[in-house]
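Chemist: Contents of protein_34.txt (compact mmCIF, C-alpha atoms) are below:
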# COMPACT_ATOMS: atom_id res chain seq x y z
CA MET T 26 -24.47 12.86 27.54
CA LYS T 27 -23.08 9.42 26.67
CA TYR T 28 -25.47 9.11 23.71
CA PHE T 29 -24.52 12.58 22.50
CA VAL T 30 -20.85 11.55 22.31
CA ILE T 31 -21.72 8.35 20.46
CA LEU T 32 -23.91 10.20 17.95
CA THR T 33 -21.27 12.89 17.43
CA SER T 34 -18.58 10.32 16.69
CA LEU T 35 -20.93 8.45 14.37
CA PHE T 36 -21.66 11.64 12.40
CA ALA T 37 -17.92 12.37 12.23
CA LEU T 38 -17.31 8.93 10.69
CA LEU T 39 -20.10 9.45 8.19
CA ALA T 40 -18.64 12.83 7.24
CA CYS T 41 -15.30 11.19 6.48
CA LYS T 42 -17.04 8.67 4.26
CA GLY T 43 -18.73 11.56 2.39
CA ASN T 44 -15.39 12.71 0.99
CA ALA T 45 -15.04 9.53 -1.09
CA GLN T 46 -15.09 9.77 -4.86
CA LYS T 47 -18.67 10.16 -6.04
CA LEU T 48 -20.19 9.73 -9.44
CA LYS T 49 -21.42 13.08 -10.77
CA VAL T 50 -24.15 12.94 -13.41
CA THR T 51 -25.40 16.12 -15.09
CA PRO T 52 -28.03 16.43 -17.84
CA ILE T 53 -27.20 17.64 -21.35
CA TYR T 54 -29.80 20.32 -22.00
CA SER T 55 -31.09 21.50 -25.36
CA GLU T 56 -33.34 24.34 -26.40
CA PRO T 57 -35.95 24.44 -29.15
CA LYS T 58 -35.05 26.28 -32.34
CA ARG T 59 -37.54 27.18 -35.04
CA VAL T 60 -36.34 26.51 -38.60
CA THR T 61 -38.04 27.53 -41.85
CA LYS T 62 -37.16 25.80 -45.13
CA GLU T 63 -38.65 26.10 -48.57
CA ILE T 64 -39.94 22.86 -50.07
CA SER T 65 -38.49 22.62 -53.59
CA GLU T 66 -41.47 20.76 -55.12
CA THR T 67 -44.16 23.22 -54.00
CA GLY T 68 -42.10 26.35 -53.37
CA LYS T 69 -43.88 26.93 -50.05
CA PRO T 70 -42.08 27.53 -46.78
CA HIS T 71 -42.25 24.80 -44.13
CA THR T 72 -41.59 25.61 -40.47
CA TYR T 73 -40.51 22.98 -37.96
CA VAL T 74 -38.80 22.83 -34.57
CA THR T 75 -35.40 21.26 -33.86
CA HIS T 76 -33.42 21.08 -30.65
CA LYS T 77 -29.93 22.53 -30.33
CA ALA T 78 -27.66 21.37 -27.48
CA VAL T 79 -26.89 24.08 -24.92
CA THR T 80 -24.71 22.00 -22.58
CA GLU T 81 -21.36 20.66 -23.75
CA ARG T 82 -21.30 16.90 -24.33
CA PHE T 83 -18.20 15.34 -22.71
CA THR T 84 -15.82 13.34 -24.86
CA PRO T 85 -15.26 9.95 -23.20
CA GLY T 86 -11.81 9.74 -21.70
CA ILE T 87 -9.45 9.23 -18.77
CA ILE T 88 -7.52 12.30 -17.60
CA MET T 89 -4.63 12.23 -15.13
CA LEU T 90 -5.14 14.88 -12.45
CA SER T 91 -2.01 14.27 -10.37
CA LYS T 92 0.66 11.71 -9.59
CA ASN T 93 2.07 11.78 -6.08
CA THR T 94 4.35 9.31 -4.37
CA GLY T 95 2.63 5.98 -4.85
CA ARG T 96 -0.78 7.45 -5.80
CA LEU T 97 -2.37 8.23 -9.14
CA LYS T 98 -5.39 10.53 -9.23
CA PHE T 99 -7.40 10.53 -12.45
CA ARG T 100 -10.85 11.45 -13.77
CA ILE T 101 -13.17 9.20 -15.73
CA ARG T 102 -15.69 11.00 -17.89
CA GLY T 103 -18.17 10.27 -20.64
CA ASN T 104 -21.73 10.76 -21.83
CA VAL T 105 -24.88 8.77 -22.48
CA SER T 106 -27.54 9.71 -25.02
CA SER T 107 -31.10 9.69 -23.74
CA GLY T 108 -34.29 11.18 -25.08
CA GLY T 109 -37.75 10.61 -26.45
CA HIS T 110 -39.37 7.38 -25.32
CA THR T 111 -36.11 5.90 -23.98
CA ILE T 112 -34.50 6.95 -20.72
CA TYR T 113 -30.92 5.78 -20.27
CA GLN T 114 -29.24 6.66 -16.97
CA VAL T 115 -25.86 5.89 -15.46
CA ARG T 116 -26.22 3.70 -12.37
CA LYS T 117 -22.60 3.42 -11.23
CA ILE T 118 -19.00 2.98 -12.32
CA ARG T 119 -17.29 -0.10 -10.95
CA LEU T 120 -13.66 -1.25 -11.02
CA GLU T 121 -12.54 -4.71 -11.98
CA LYS T 122 -8.80 -4.96 -11.50
CA GLY T 123 -7.06 -6.77 -14.32
CA GLU T 124 -4.09 -9.02 -14.04
CA GLN T 125 -0.56 -7.76 -13.62
CA ASN T 126 1.92 -8.73 -16.34
CA GLY T 127 5.44 -7.89 -15.21
CA ASN T 128 5.50 -4.18 -14.47
CA THR T 129 2.18 -3.44 -16.23
CA ILE T 130 -1.29 -3.50 -14.68
CA THR T 131 -4.65 -3.03 -16.40
CA LEU T 132 -7.58 -1.44 -14.58
CA ARG T 133 -10.99 -1.95 -16.14
CA TYR T 134 -13.83 0.41 -15.23
CA TYR T 135 -17.39 -0.42 -16.24
CA THR T 136 -20.08 2.26 -16.53
CA GLU T 137 -23.42 0.58 -15.90
CA ILE T 138 -26.17 2.13 -18.02
CA LYS T 139 -29.76 1.13 -17.38
CA LYS T 140 -32.85 1.70 -19.50
CA TYR T 141 -35.88 2.92 -17.57
CA PRO T 142 -39.49 2.97 -18.79
CA GLY T 143 -41.05 6.32 -19.48
CA LYS T 144 -40.52 9.40 -21.55
CA GLU T 145 -37.56 11.78 -21.32
CA SER T 146 -38.10 15.53 -21.34
CA ALA T 147 -37.77 17.14 -24.77
CA ASN T 148 -35.07 19.47 -23.41
CA ILE T 149 -32.75 16.65 -22.29
CA GLN T 150 -30.53 14.95 -24.86
CA GLY T 151 -28.54 12.78 -22.47
CA TYR T 152 -26.26 12.83 -19.44
CA ASN T 153 -22.60 13.66 -18.81
CA TYR T 154 -20.84 11.74 -16.05
CA THR T 155 -17.53 12.18 -14.22
CA LYS T 156 -15.86 10.33 -11.39
CA ASP T 157 -12.50 11.06 -9.75
CA GLU T 158 -10.51 8.02 -8.73
CA ILE T 159 -7.38 7.53 -6.63
CA TYR T 160 -5.31 4.40 -7.24
CA LYS T 161 -2.48 3.30 -4.98
CA ILE T 162 0.37 2.25 -7.27
CA PRO T 163 2.18 -0.93 -6.20
CA ASP T 164 6.00 -0.60 -5.99
CA ASP T 165 6.73 -2.97 -8.88
CA VAL T 166 4.26 -1.35 -11.35
CA LYS T 167 5.63 1.16 -13.86
CA ILE T 168 2.88 1.16 -16.52
CA ILE T 169 -0.83 1.55 -15.72
CA ARG T 170 -3.35 0.96 -18.46
CA ILE T 171 -6.91 2.13 -17.75
CA GLU T 172 -9.83 1.00 -19.88
CA LEU T 173 -13.38 2.39 -19.71
CA TYR T 174 -16.30 0.27 -20.86
CA GLU T 175 -20.01 0.96 -21.18
CA GLU T 176 -22.18 -1.88 -19.98
CA TRP T 177 -25.78 -1.60 -21.14
CA MET T 178 -27.98 -3.36 -18.58
CA ASN T 179 -31.27 -3.52 -20.55
CA ASP T 180 -31.90 -7.16 -19.85
CA PRO T 181 -29.65 -9.62 -17.97
CA SER T 182 -29.65 -11.93 -21.02
CA ASP T 183 -28.89 -9.03 -23.41
CA THR T 184 -25.95 -7.20 -21.79
CA LYS T 185 -23.86 -5.19 -24.26
CA LEU T 186 -20.25 -4.26 -23.50
CA LYS T 187 -18.40 -1.55 -25.45
CA LEU T 188 -14.89 -0.12 -24.97
CA ILE T 189 -15.21 3.68 -25.14
CA ALA T 190 -11.84 4.96 -23.84
CA GLN T 191 -8.41 3.76 -22.84
CA GLN T 192 -5.33 5.51 -21.54
CA THR T 193 -1.82 4.32 -20.67
CA PHE T 194 0.30 6.04 -18.02
CA ASN T 195 4.02 5.27 -18.10
CA PHE T 196 5.98 5.96 -14.90
CA PHE T 197 9.46 4.79 -15.92
CA ALA T 198 12.14 7.10 -14.55
CA LYS T 199 13.54 9.30 -17.32
CA ILE T 200 17.32 9.54 -17.45
Give the structure from the file, written as structure tokens.
Modeler:
Amino acid sequence: MKYFVILTSLFALLACKGNAQKLKVTPIYSEPKRVTKEISETGKPHTYVTHKAVTERFTPGIIMLSKNTGRLKFRIRGNVSSGGHTIYQVRKIRLEKGEQNGNTITLRYYTEIKKYPGKESANIQGYNYTKDEIYKIPDDVKIIRIELYEEWMNDPSDTKLKLIAQQTFNFFAKI
């Protein structure tokens, strides 16, 4: 009985941890489309197959979901192209808090993208990713600037960093 209580409380703690903000990655699907064109030099029709995206590709950005007393809830979203003989997948999004200048703070989020060996399916053109974040706003901060970077982790000596989105939230009281 004692072990049952311990296991039950352990599972309850793990369930609470499961409600944390998780990175959601979904594939961008495409479907084959047959196209016929006439070659101008020979006048003969030529048929080939292209792929048309079926899933919407997210525009990279930072969207405010809500602002409660002392808390800012926002969504980070973007996309990564992947296909053919290169597989690029999102590993994680990490926060590196910037410095605070007066009443302004800058939060930098880095999306780690890793190249994997192999071949991607012909029906996948890439991946959309979203992550909801909650940030506790310090009392003296009135402006929050959020920057989203892509960090390509192909090789530790060849890391590329690219700013893909930034958003500024101003919380000065309006008179």
Chemist: Measuring between all atoms listed in the file, which one of T:Ile64, T:Ile112, T:Val166, T:Ala190 shows the shortest distance to Gly127 of chain T?
Modeler: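 Closest to Gly127 of chain T of all the choices is T:Val166.
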Chemist: Separation of atom CA of Lys49 of chain T and atom CA of Tyr113 of chain T, in Å?
Modeler: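 For atom CA of Lys49 of chain T relative to atom CA of Tyr113 of chain T, the distance reads 15.3 Å.
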Chemist: Considering all atoms listed in the file, can you say which of T:Ser146, T:Asn126, T:Thr193, T:Thr84 comes closest to Ser55 of chain T?
Modeler: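 With all atoms listed in the file as the atom set, the closest residue is T:Ser146.
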Chemist: Return the single residue from T:Val115, T:Ile138, T:Ile189, T:Ile87 that is closest to Trp177 of chain T, with distances computed using all atoms listed in the file.
Modeler: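 Closest candidate: T:Ile138.
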Chemist: Select, from T:Val60, T:Ile149, T:Met178, T:Ile159, the residue with the minimum atom-to-atom distance to Thr136 of chain T, counting only C-alpha atoms.
Modeler: T:Met178
Chemist: Kindly provide, as an MDAnalysis selection string, the polymer residues lying within 6 Å of (-25.9, 15.5, -23.3), counting all atoms listed in the file and using the coordinates exactly as they appear in the file.
Modeler: chainID T and resid 52:53 82 150:153
Chemist: Store the residues of this selection in a file with C-alpha atoms, as a tab-separated table (two decimals), in the frame of the given file.
Modeler:
chain	number	residue	atom	x	y	z
T	52	PRO	CA	-28.03	16.43	-17.84
T	53	ILE	CA	-27.20	17.64	-21.35
T	82	ARG	CA	-21.30	16.90	-24.33
T	150	GLN	CA	-30.53	14.95	-24.86
T	151	GLY	CA	-28.54	12.78	-22.47
T	152	TYR	CA	-26.26	12.83	-19.44
T	153	ASN	CA	-22.60	13.66	-18.81
